[in-house]
Amino acid sequence: MLQSKLFAKTRREDPKDEVAKNAKLLIRAGFIHKESAGVYAFLPLGLKTLNKICQIIREEMNTLGAQEVQLTALQAPELWQKTDRWSDDKVDNWFKTELKSGGELGLGFTHEEPFAAIMSENVSSYKDLPLAVYQIQTKFRNELRAKSGIIRGREFLMKDLYSFHTNEKDLDEYHLKVRQAYENIFQRLGIADRTFFTFASGGVFSEFSYEFQTLAEAGEDLIYVDQEQKIAVNKEVYTTEVLAKQNLDKTKLKECQSIEVGNIFKLGTRFSEALGLDFVTESGERQPVVMGSYGLGPSRLMGVLAEILSDDKGLIWPLAVAPMALHLISLDQDEVALRLLTDLESAGIEALFDDRAVSAGEKFADADLLGLPYRVVVSAKNLATNQLEIKNRQSGAVEFIPVLELVAWAEKNLRP
RNA sequence: CGGGCCGUGGUGUAACGGCUAACAUUCUCGCUUUGGGAGCGAGCGACUCCGGGUUCGAAUCCCGGCGGCCCGACCA
């Protein structure tokens, strides 16, 4: 695609109303637009990256056998009153609105209730279980204080998976599978080595909940990491008792700042009992369904990537989620570059060609800021020896290849 | 929700209570230039967040509102 036509302009300076690195960089690079505190729009490049993150999550969810659905953001009070989560005293981050026809609706901040309710229409026998459904949907939370750019917004994208089982044991087994799927996702996103399965407070549902915490200086959470076992304990449950229970040696733990990128809750029968979600067993008894829920925030993940994979010049996207793989820069060699772009695109390789009439320095600076994985320079100097220069944004490594081999190089190096 | 700081062209900043609100950048046009945000010239672009007050006179002082950021609290 031609950069001159791209609806996104880079900025030279940091926005004054942001402190978080992820927001500063994403705004400067034209990936997102700030609408108000904690509310961000996704522009073409940002949306491409967000969609790629979603697609990776989707593939792993589908591999698990979960089915994708889309529930509504608008929520009627009745369901939530049954589980005692409608009142502002119980849940303080609802966005609620009056209906002109009378009555009230809220914007969903999570979806245990509607999922349990829908399932009660579809599950009646042990033969219907187990079952897992998920959605990737915008969630709304009326945070008292939004902060950290797109890492903690009032409107954000969330993948929420819910599983339904006949018994706890089945839930436990499924929980391990989801855990593996999450590990796969973090692997593909390039943050697996710094992301830890973490024990956290179970809140009202159970003794523990489980989180996935990614180490980052900008993190809001404090966790205690056991590097060998790749396990951590959130500060909120960091007690001698818990450590003993999880077989963790206090002297081996390291205190780290981190960002919660995913979570798993064993819900048990809290929601199914309240909402009448039950099934008939083989022996003809009626029992409540056992539920689990599993969250993952695509937009937050994007913020985390911006936060930890960037440098002082700008963003650095891993190939798997970069809006495009290649950034073509022409130094007064637009014709050749344009032909290369056409060749790449007809081979199905996404590239951005900086065809703007600006100085070389500005093109380089912007390429660094946008952070596409590879920068290809087409210049008279290189063409004199019939070569192109390819620079890896992350490692800084430079290689030269014959002009005619660009597509072959791309097919070899840019395919997942 | 408590505490602190702050709201000036698209962006980033400046301006003692007093001239036509200044500078840089972006943008437009022309020239020039192309290996790290190059140069010259000419332009476009702001009722200084909103409402009230003090004053001969308010971007500037006072009050209220709204908005932003940070610390804390909160965070299925």
# chains A, B, ... in the order shown; residues from 1 in each chain; ligands from 1

call {"tool": "select_by_dssp", "arguments": {"residues": "region 371-400 of chain A", "states": "helix (DSSP H, G or I)", "output": "list in words"}}
result
Ala380, Lys381, Asn382 and Leu383 of chain A

call {"tool": "write_last_selection", "arguments": {"atoms": "N, CA and C atoms", "output": "PDB file, in the first residue's frame"}}
result
ATOM      1  N   ALA A 380      19.746   4.575  -5.401  1.00  0.00           N
ATOM      2  CA  ALA A 380      20.657   4.542  -6.546  1.00  0.00           C
ATOM      3  C   ALA A 380      21.944   3.813  -6.164  1.00  0.00           C
ATOM      4  N   LYS A 381      22.386   4.077  -4.939  1.00  0.00           N
ATOM      5  CA  LYS A 381      23.619   3.463  -4.466  1.00  0.00           C
ATOM      6  C   LYS A 381      23.532   1.931  -4.513  1.00  0.00           C
ATOM      7  N   ASN A 382      22.394   1.395  -4.016  1.00  0.00           N
ATOM      8  CA  ASN A 382      22.231  -0.059  -4.014  1.00  0.00           C
ATOM      9  C   ASN A 382      21.952  -0.609  -5.402  1.00  0.00           C
ATOM     10  N   LEU A 383      21.201   0.141  -6.176  1.00  0.00           N
ATOM     11  CA  LEU A 383      20.851  -0.342  -7.516  1.00  0.00           C
ATOM     12  C   LEU A 383      22.084  -0.420  -8.414  1.00  0.00           C
TER      13      LEU A 383
END

call {"tool": "closest_atom_pairs", "arguments": {"of": "chain A", "to": "chain B", "cutoff": "7 Å", "atoms": "only C-alpha atoms (C1' of nucleotides)", "output": "Markdown table"}}
result
| residue | atom | partner | partner_atom | distance |
| --- | --- | --- | --- | --- |
| A:Glu13 | CA | B:G12 | C1' | 6.4 |
| A:Asp17 | CA | B:C69 | C1' | 6.0 |
| A:Glu18 | CA | B:C69 | C1' | 6.8 |
| A:Leu331 | CA | B:U34 | C1' | 6.1 |
| A:Asp332 | CA | B:U34 | C1' | 6.5 |
| A:Ser359 | CA | B:U34 | C1' | 5.7 |
| A:Ala360 | CA | B:U34 | C1' | 5.6 |
| A:Gly361 | CA | B:G36 | C1' | 4.1 |
| A:Glu362 | CA | B:G37 | C1' | 4.4 |
| A:Phe364 | CA | B:G36 | C1' | 6.1 |
| A:Ala365 | CA | B:G37 | C1' | 6.2 |

call {"tool": "write_last_selection", "arguments": {"atoms": "N, CA and C atoms", "output": "compact mmCIF listing (two decimals), in the first residue's frame"}}
result
# COMPACT_ATOMS: atom_id res chain seq x y z
N GLU A 13 6.10 14.90 17.83
CA GLU A 13 6.20 15.01 19.29
C GLU A 13 5.17 14.15 20.02
N ASP A 17 -1.04 14.85 26.57
CA ASP A 17 -1.98 14.30 27.55
C ASP A 17 -1.81 12.79 27.75
N GLU A 18 -0.62 12.29 27.41
CA GLU A 18 -0.35 10.89 27.68
C GLU A 18 1.01 10.75 28.35
N LEU A 331 14.73 5.98 -2.20
CA LEU A 331 15.46 7.25 -2.21
C LEU A 331 15.61 7.65 -3.67
N ASP A 332 14.59 8.37 -4.14
CA ASP A 332 14.61 8.83 -5.51
C ASP A 332 14.57 7.68 -6.53
N SER A 359 12.04 14.05 2.76
CA SER A 359 13.46 13.77 2.78
C SER A 359 13.75 12.35 3.25
N ALA A 360 14.94 11.89 2.89
CA ALA A 360 15.34 10.54 3.27
C ALA A 360 15.28 10.36 4.78
N GLY A 361 15.77 11.35 5.49
CA GLY A 361 15.81 11.26 6.94
C GLY A 361 14.42 11.08 7.54
N GLU A 362 13.47 11.79 6.99
CA GLU A 362 12.11 11.68 7.50
C GLU A 362 11.53 10.30 7.23
N PHE A 364 13.23 7.51 6.99
CA PHE A 364 13.88 6.57 7.92
C PHE A 364 13.29 6.71 9.33
N ALA A 365 13.13 7.95 9.75
CA ALA A 365 12.60 8.18 11.10
C ALA A 365 11.20 7.61 11.24

call {"tool": "select_by_dssp", "arguments": {"residues": "region 330-370 of chain A", "states": "strand (DSSP E)", "output": "number ranges by chain"}}
result
A: 330-331, 351-354

call {"tool": "residues_around", "arguments": {"residues": "G53 (chain B)", "least_positions_apart": "5", "cutoff": "12 Å", "atoms": "only C-alpha atoms (C1' of nucleotides)", "output": "PyMOL selection string"}}
result
chain B and resi 58+61-64

call {"tool": "write_last_selection", "arguments": {"atoms": "N, CA and C atoms (P, O5', C5', C4', C3', O3' and C1' of nucleotides)", "output": "PDB file, in the first residue's frame"}}
result
ATOM      1  P     A B  58     -11.123  42.725  29.872  1.00  0.00           P
ATOM      2  O5'   A B  58      -9.672  42.194  30.242  1.00  0.00           O
ATOM      3  C5'   A B  58      -8.694  41.940  29.237  1.00  0.00           C
ATOM      4  C4'   A B  58      -8.072  40.574  29.453  1.00  0.00           C
ATOM      5  C3'   A B  58      -9.028  39.408  29.242  1.00  0.00           C
ATOM      6  O3'   A B  58      -8.280  38.281  28.798  1.00  0.00           O
ATOM      7  C1'   A B  58      -8.307  39.402  31.460  1.00  0.00           C
ATOM      8  P     C B  61      -3.562  33.651  36.503  1.00  0.00           P
ATOM      9  O5'   C B  61      -4.372  34.658  37.436  1.00  0.00           O
ATOM     10  C5'   C B  61      -3.702  35.452  38.402  1.00  0.00           C
ATOM     11  C4'   C B  61      -4.712  36.152  39.282  1.00  0.00           C
ATOM     12  C3'   C B  61      -5.905  35.289  39.679  1.00  0.00           C
ATOM     13  O3'   C B  61      -5.626  34.473  40.798  1.00  0.00           O
ATOM     14  C1'   C B  61      -6.673  37.386  38.909  1.00  0.00           C
ATOM     15  P     C B  62      -6.426  33.122  40.995  1.00  0.00           P
ATOM     16  O5'   C B  62      -7.860  33.648  41.456  1.00  0.00           O
ATOM     17  C5'   C B  62      -8.058  34.251  42.724  1.00  0.00           C
ATOM     18  C4'   C B  62      -9.532  34.492  42.945  1.00  0.00           C
ATOM     19  C3'   C B  62     -10.417  33.269  42.721  1.00  0.00           C
ATOM     20  O3'   C B  62     -10.463  32.436  43.860  1.00  0.00           O
ATOM     21  C1'   C B  62     -11.338  35.115  41.572  1.00  0.00           C
ATOM     22  P     C B  63     -10.751  30.886  43.669  1.00  0.00           P
ATOM     23  O5'   C B  63     -12.304  30.854  43.337  1.00  0.00           O
ATOM     24  C5'   C B  63     -13.269  31.217  44.314  1.00  0.00           C
ATOM     25  C4'   C B  63     -14.662  31.108  43.741  1.00  0.00           C
ATOM     26  C3'   C B  63     -14.983  29.775  43.071  1.00  0.00           C
ATOM     27  O3'   C B  63     -15.332  28.771  43.996  1.00  0.00           O
ATOM     28  C1'   C B  63     -15.686  31.540  41.671  1.00  0.00           C
ATOM     29  P     G B  64     -15.054  27.244  43.614  1.00  0.00           P
ATOM     30  O5'   G B  64     -16.150  26.963  42.493  1.00  0.00           O
ATOM     31  C5'   G B  64     -17.533  26.932  42.843  1.00  0.00           C
ATOM     32  C4'   G B  64     -18.384  26.777  41.607  1.00  0.00           C
ATOM     33  C3'   G B  64     -18.073  25.566  40.730  1.00  0.00           C
ATOM     34  O3'   G B  64     -18.616  24.366  41.229  1.00  0.00           O
ATOM     35  C1'   G B  64     -18.324  27.470  39.373  1.00  0.00           C
TER      36        G B  64
END

call {"tool": "atom_distance", "arguments": {"atom1": "CA of Thr385 (chain A)", "atom2": "CA of Leu341 (chain A)"}}
result
20.1 Å

call {"tool": "atom_distance", "arguments": {"atom1": "CA of Ala132 (chain A)", "atom2": "CA of Ala66 (chain A)"}}
result
4.7 Å

call {"tool": "atom_distance", "arguments": {"atom1": "CA of Arg356 (chain A)", "atom2": "CA of Leu328 (chain A)"}}
result
11.4 Å

call {"tool": "closest_residue", "arguments": {"among": "B:C44, B:C56, B:G72, B:G65", "to": "G18 (chain B)", "atoms": "only C-alpha atoms (C1' of nucleotides)"}}
result
B:C56

call {"tool": "closest_atom_pairs", "arguments": {"of": "region 176-224 of chain A", "to": "region 44-60 of chain A", "cutoff": "9 Å", "atoms": "only C-alpha atoms", "output": "Markdown table"}}
result
| residue | atom | partner | partner_atom | distance |
| --- | --- | --- | --- | --- |
| A:Ala181 | CA | A:Glu60 | CA | 5.8 |
| A:Tyr182 | CA | A:Glu60 | CA | 7.9 |
| A:Asn184 | CA | A:Glu60 | CA | 7.4 |
| A:Ile185 | CA | A:Ile57 | CA | 6.3 |
| A:Arg188 | CA | A:Ile56 | CA | 7.6 |
| A:Leu189 | CA | A:Ile53 | CA | 7.7 |

call {"tool": "residues_around", "arguments": {"residues": "region 40-43 of chain B", "least_positions_apart": "5", "cutoff": "9 Å", "atoms": "only C-alpha atoms (C1' of nucleotides)", "output": "count of residues only"}}
result
5

call {"tool": "residues_around", "arguments": {"residues": "Tyr162 (chain A)", "least_positions_apart": "6", "cutoff": "9 Å", "atoms": "only C-alpha atoms (C1' of nucleotides)", "output": "list in words"}}
result
Ala66, His111, Glu112, Phe115, Ala116, Leu131, Ala132, Val133, Tyr134, Met291, Gly292, Ser293, Tyr294 and Gly295 of chain A

call {"tool": "residues_around", "arguments": {"residues": "region 20-28 of chain A", "least_positions_apart": "5", "cutoff": "7 Å", "atoms": "only C-alpha atoms (C1' of nucleotides)", "output": "PyMOL selection string"}}
result
chain A and resi 10-12+14-15+33+148-150+303+306-307+314-315

call {"tool": "residues_around", "arguments": {"residues": "Ile329 (chain A)", "least_positions_apart": "4", "cutoff": "8 Å", "atoms": "only C-alpha atoms (C1' of nucleotides)", "output": "ChimeraX atom specification"}}
result
/A:337,353-355,363-364,375-378
